[in-house]
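Undergrad: I am attaching a structure below and will ask some questions about it afterwards.
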Amino acid sequence: MIRVLTNFIKRIFLQIFREKKKVKLGFYGPPNGGKTTLSNKICKDWLGEEVGTASKIPHETREVQLKESVVIKHKGRELEFTIVDTPGIATKIDYEDFMKYKMTETAAKKRAKEATRGVIEAIKWLDDMDCVVVVLDSTQNPYTQVNVTIIGNLAARSIPVLIAANKVDLKKANIKKVESAFPQYDVVGISALKGDNIEEFYESLFRVIKKR
Amino acid sequence: MLTLQFVPYGDIENLSSAERINKLLRVVKEEKIVLMQGRLRPDEETGLIEKTMQQIGRKFKGIEICTIYPEENNAALFGRLKKEFVKLLIGNREGITIIGPASIVKEIRRDPDKIQLFTNVPTRRGSRRKRK
């Protein structure tokens with residue numbers, strides 16, 4: 001009886017004082033920024049399997065997708081992550097936009113309905129994150145209210161943020177613009193698709209997590 | 001014809017977050033563009049997005065939103081503290097928030113020093129064109 005009690009107390013103490021090694025890492029951003037492509041790249045690198053399917057059609061990810069026990073090693077440090085790939089956050093969804101991708105009206109309406117639910121789900125998950133990578137398309141204007149709202153909410157919750165300026169392999173990419181839009185945050189330029197600069201991404205990620 | 005409705009801070013000052021969001025969305029769904037004095041809190045902004053998503057349907061396609069807010073990062077510490085104190089006393093009246101229905105406002109493009117509002121205005125032939 002005494003041994004059971006001692007073990008119980010020991011376990012509680014260990015849980016309280018042990019450094020939290022498991023990190024719930026969320027991927028947030030507007031649709032088509034490359035959240036799933038980046039999540040896939042990380043999971044493929046360290047787990048050998050992907051999180052979900054990426055597509056050129058917006059709102060391909062319409063449900064939060066998880067991949068647990070992704071262990072990333074970097075310069076002698078090791079952290080265990082739960083990768084949380086979230087649907088893109090938008091303020092408007094029009095099924096007619098999906099029909100431009102040769103989708104039938106029924107399929108487009110279904111996708112729009114699911115996408116609206118996905119946005120709500122992504123917002124609800126914000127509170128659960130230990131750290132968030134905001135994935136932005138560096139060929140697009142970063143001064144959008146969706147970006148400001150996501151980052152503002154993370155700041156209000158004191159959740160560490162790393163901004164991944166994705167698609168740097170494209171000619172129109174402008175990392176400087178992303179940096180000047182969010183000067184108080186770490187910004188790293190990457191190409192999730194081609195794996196460009198991914199080492200610098202891991203370096204920045206470990207640095208941001210260390211700050212928390 | 002475009003209708004702009006000004007919402008002074010005094011009109012929303014004593015409302016709860018849910019009431020503020022409902023009031024703003026009600027005006028937007030009447031196909032008006034809201035010019036609100038001040039800005040919503042971050043959690044109210046996500047609340048507005050959630051509520052918008054719940055209401056998207058055949059007619060209502062969502063919103064376009066933009067907040068213009070004076071940059072405070074470079075201000076002196078005393079100045080920032082003074083502003084925070086005033087905000088505590090009378091609320092955050094600084095800046096302006098523009099919210100429009102997505103059926104009318106195609107895009108609000110914000111660069112650091114200018115704002116461009118692109119609208120979907122139906123032409124005589126019934127098609128839609130972009131106006132700045």
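Labels for the structure tokens follow display order: chains A, B, ..., residues from 1 in each chain, ligands from 1.
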Which chain B residues are at most 8 Å from chain A (counting only C-alpha atoms), as a list in words?
TA: Pro42, Asp43, Glu45, Thr46, Ile49, Glu50, Thr52, Met53, Gln54, Ile56, Lys61, Gly62, Ile63, Glu64, Ile65, Cys66, Thr67, Ala102, Arg109, Arg110, Asp111 and Pro112 of chain B
Undergrad: Of the residues B:Ile68, B:Gly100, B:Lys59, B:Leu2, which is the one nearest to B:Leu25, using only C-alpha atoms?
TA: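 With only C-alpha atoms as the atom set, the closest residue is B:Gly100.
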Undergrad: Which of these residues is nearest to A:Phe98, using only C-alpha atoms: A:Lys56, A:Lys176, A:Lys35, A:Lys75?
TA: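 Of the candidates, the smallest distance to A:Phe98 is held by A:Lys56.
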Undergrad: Can you tell me how far atom CA of A:Gly76 sits from atom CA of A:Glu203, in Å to one decimal?
TA: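 According to the coordinates, atom CA of A:Gly76 and atom CA of A:Glu203 are separated by 11.7 Å.
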Undergrad: Residues of chain A in helix (DSSP H, G or I) according to DSSP, as a PyMOL selection string?
TA: chain A and resi 2-17+35-46+95-99+105-128+145-156+175-181+198-211
Undergrad: Record the distance separating atom CA of A:Gly33 and atom CA of A:Asn197, expressed in Å with one decimal.
TA: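 Going from atom CA of A:Gly33 over to atom CA of A:Asn197, I get 16.6 Å.
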Undergrad: What separation in Å, quoted to one decimal, exists between atom CA of A:Gly52 and atom CA of A:Leu66?
TA: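 Computing the Euclidean distance for atom CA of A:Gly52 and atom CA of A:Leu66 yields 9.1 Å.
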Undergrad: Of the candidates A:Val208, A:Val64, A:Leu136, A:Ile83, which one gets nearest to A:Ile175 if we count only C-alpha atoms?
TA: A:Leu136
